[in-house]
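Novice: Handing you a structure now.
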Amino acid sequence: MIETPSLVDQYCHGVLRTELGLGTFEAHLARSEGPPAPGTTFFDTQTGFAVRRWCPPLLGLEPHCPPARYLARRRELGVLEAGRRLLRGSGITTYLVDTGLPGDLTGPQEMASTGDAVAHEIVRLELLAEQVADTSGTVESFLANLAESVHAAAANAVAFASVAGVRHGLALAPEPPGPGEVRGAVGRWLAHRPVGGALTDPVLLRHLLWIAVASGRPLQLHAGLGEAGLRIDATDPALLTEFARATAGLGTDLVLLHGYPYHRHAAHLAGVFPHVYADLGAELVRTGARATALLAEVLELAPFGKLLFSSGAHGLPELHVVGARLFREALARVLGTWVAEDAWSLADAQRVAGLIAAGNARRVYGLE
């Protein structure tokens, strides 16, 4: 009964341009520091089973076909044609693409062309600062070039994204650092940083967040599950409470990405602060057949105008498909149950589905 005819994927990455073997493909189904358990593969995960359920029909195969058969069909079609069929079969009509990951990934224009969709760029703050550092020899030139780069990015991108939680943890001091503190941190970083070195200094991470807040563009903050081996207790979105309070009323929206397994904490913050939103991204892809239960938990606390769909996909077009299909299925089951129980009207359920699928993202990011 509940329809979501089009989706705005408010946070994702590009897809790989290269053909993938079995091992390389499987590595994208789980975030692990090592191989799968003996006698198994990474297809033996909720994400792997979801790929086998939803993706084979888009390539002309039956659902749940064996991984080897699926990958053989993928190679038969070629990476370009397989990607085209998968992205166009996802039902996603707008992609917001974080271009801050390394690797041979498609950018927004290629995503738009391949998926017959619209695409916009999300600029990752830490990568932007690292690129500026590579061409800045002094503290003064770095700060001036960084301010200029953020201003230029704000004119073209729909949002900024930060991985401060991944680089340091979200327990950062909520207030902006002082000018002397920033100059000292920049000097130390430039003096000891190898070319291409990652930004992890908490003072500079805070400085980036506050520059982004001043731009007025929405600021996406990674929380919850992230890189393999990351201590997820350091990325609990509840740690952002004071930062959310400090940025209230400044005109910049904060979007808490992913959140799982602290999705209820993210939903709570979205309910407390008018400028905070919660993302329904990679957590649905990771939980697979349990996505319905997880979505219901988020809907317990967050106002319905504060939730945004995303796939959080990276590398494989299959993950865009899985993110979209699991979201649609979970939303239809949760809201359909409430309609059947006469807790909600069908009209209200359909309106809320439209908000979460696309309407909220169009409002937050100013999309046409």
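Just so we're on the same page: first chain in the structure tokens is A, next is B, and so on; residues restart at 1 for each chain, and ligands are numbered from 1 in the order they show up.
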Can you list, as a list in words, every protein, DNA or RNA residue that comes within 9 Å of A:Lys306 when you count only C-alpha atoms, leaving out same-chain residues fewer than 3 positions away?
Specialist: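 Here the qualifying residues turn out to be Ala267, Ala270, Gly271, Pro274, His275, Val276, Tyr277, Ala278, Asp279, Ala302, Pro303, Leu355, Ile356 and Asn360 of chain A.
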Novice: Could you pull the residues within 7 Å of A:Leu256, counting only C-alpha atoms, minus those fewer than 2 positions along the same chain, as number ranges by chain?
Specialist: A: 220-223, 254, 258-259, 266, 277-279
Novice: Point out the residue among A:Ala50, A:Val150, A:Val158, A:Leu170 with the least atom-to-atom distance to A:Val322, counting only C-alpha atoms.
Specialist: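 Nearest candidate to A:Val322 out of A:Ala50, A:Val150, A:Val158, A:Leu170: A:Ala50.
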Novice: Closest to A:Leu295 among A:Pro261, A:Pro218, A:Gly315, A:Pro177, using only C-alpha atoms?
Specialist: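 Closest candidate: A:Pro261.
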Novice: Out of A:Val123, A:Leu16, A:Ala27, A:Thr337, which residue has the shortest atom-to-atom distance to A:Ala152 when counting only C-alpha atoms?
Specialist: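 Of the candidates, the smallest distance to A:Ala152 is held by A:Val123.
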Novice: Please measure the separation of atom CA of A:Ala332 and atom CA of A:Ala30, giving the value in Å to one decimal.
Specialist: 26.4 Å
Novice: Which residue gives the smallest distance to A:Ala185 among A:Glu329, A:Asp236, A:Asp201, A:Glu126, with only C-alpha atoms counted?
Specialist: A:Asp201
Novice: Identify, on the basis of only C-alpha atoms, every residue whose closest approach to A:Pro102 does not exceed 12 Å; exclude the query and any residue fewer than 3 positions from it along the same chain; express the result as a ChimeraX atom specification.
Specialist: /A:13-16,98-99,105-107,124,127,196,314-315
Novice: With N, CA, C and O atoms retained, write the just-selected residues as an mmCIF file, in the first residue's frame.
Specialist:
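See again_38.cif below for the written result:
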```
data_model
loop_
_atom_site.group_PDB
_atom_site.id
_atom_site.type_symbol
_atom_site.label_atom_id
_atom_site.label_comp_id
_atom_site.auth_asym_id
_atom_site.auth_seq_id
_atom_site.Cartn_x
_atom_site.Cartn_y
_atom_site.Cartn_z
ATOM 1 N N HIS A 13 28.650 7.085 -2.160
ATOM 2 C CA HIS A 13 29.911 7.270 -2.867
ATOM 3 C C HIS A 13 29.751 6.735 -4.283
ATOM 4 O O HIS A 13 28.732 6.109 -4.612
ATOM 5 N N GLY A 14 30.768 6.940 -5.094
ATOM 6 C CA GLY A 14 30.758 6.405 -6.439
ATOM 7 C C GLY A 14 30.986 4.906 -6.467
ATOM 8 O O GLY A 14 31.198 4.257 -5.438
ATOM 9 N N VAL A 15 30.927 4.349 -7.673
ATOM 10 C CA VAL A 15 31.125 2.908 -7.851
ATOM 11 C C VAL A 15 32.435 2.672 -8.592
ATOM 12 O O VAL A 15 32.934 3.538 -9.315
ATOM 13 N N LEU A 16 32.993 1.491 -8.399
ATOM 14 C CA LEU A 16 34.263 1.133 -9.020
ATOM 15 C C LEU A 16 34.103 0.984 -10.527
ATOM 16 O O LEU A 16 33.128 0.418 -11.013
ATOM 17 N N ASP A 98 29.573 11.767 -1.927
ATOM 18 C CA ASP A 98 30.783 12.158 -1.204
ATOM 19 C C ASP A 98 31.975 11.720 -2.042
ATOM 20 O O ASP A 98 32.204 10.525 -2.248
ATOM 21 N N THR A 99 32.739 12.693 -2.517
ATOM 22 C CA THR A 99 33.863 12.396 -3.413
ATOM 23 C C THR A 99 35.183 12.284 -2.658
ATOM 24 O O THR A 99 36.258 12.339 -3.271
ATOM 25 N N LEU A 105 36.822 5.496 -8.391
ATOM 26 C CA LEU A 105 35.379 5.582 -8.201
ATOM 27 C C LEU A 105 34.777 6.630 -9.128
ATOM 28 O O LEU A 105 35.389 7.661 -9.402
ATOM 29 N N THR A 106 33.575 6.379 -9.580
ATOM 30 C CA THR A 106 32.885 7.345 -10.416
ATOM 31 C C THR A 106 32.499 8.580 -9.605
ATOM 32 O O THR A 106 32.193 8.494 -8.422
ATOM 33 N N GLY A 107 32.518 9.722 -10.267
ATOM 34 C CA GLY A 107 32.107 10.966 -9.642
ATOM 35 C C GLY A 107 30.639 11.245 -9.874
ATOM 36 O O GLY A 107 29.921 10.435 -10.472
ATOM 37 N N ARG A 124 34.208 16.456 1.259
ATOM 38 C CA ARG A 124 34.717 15.967 2.536
ATOM 39 C C ARG A 124 35.756 16.953 3.065
ATOM 40 O O ARG A 124 36.775 17.220 2.424
ATOM 41 N N LEU A 127 39.656 15.816 3.576
ATOM 42 C CA LEU A 127 40.400 15.696 2.323
ATOM 43 C C LEU A 127 40.701 17.077 1.754
ATOM 44 O O LEU A 127 41.803 17.324 1.247
ATOM 45 N N GLY A 196 50.590 13.884 1.845
ATOM 46 C CA GLY A 196 49.445 12.991 1.821
ATOM 47 C C GLY A 196 49.018 12.497 3.188
ATOM 48 O O GLY A 196 48.090 11.696 3.294
ATOM 49 N N HIS A 314 29.181 2.307 -1.330
ATOM 50 C CA HIS A 314 30.557 2.601 -1.712
ATOM 51 C C HIS A 314 31.095 1.448 -2.544
ATOM 52 O O HIS A 314 31.063 0.299 -2.112
ATOM 53 N N GLY A 315 31.539 1.746 -3.749
ATOM 54 C CA GLY A 315 32.248 0.745 -4.536
ATOM 55 C C GLY A 315 31.377 -0.101 -5.428
ATOM 56 O O GLY A 315 31.614 -0.195 -6.635
#
```
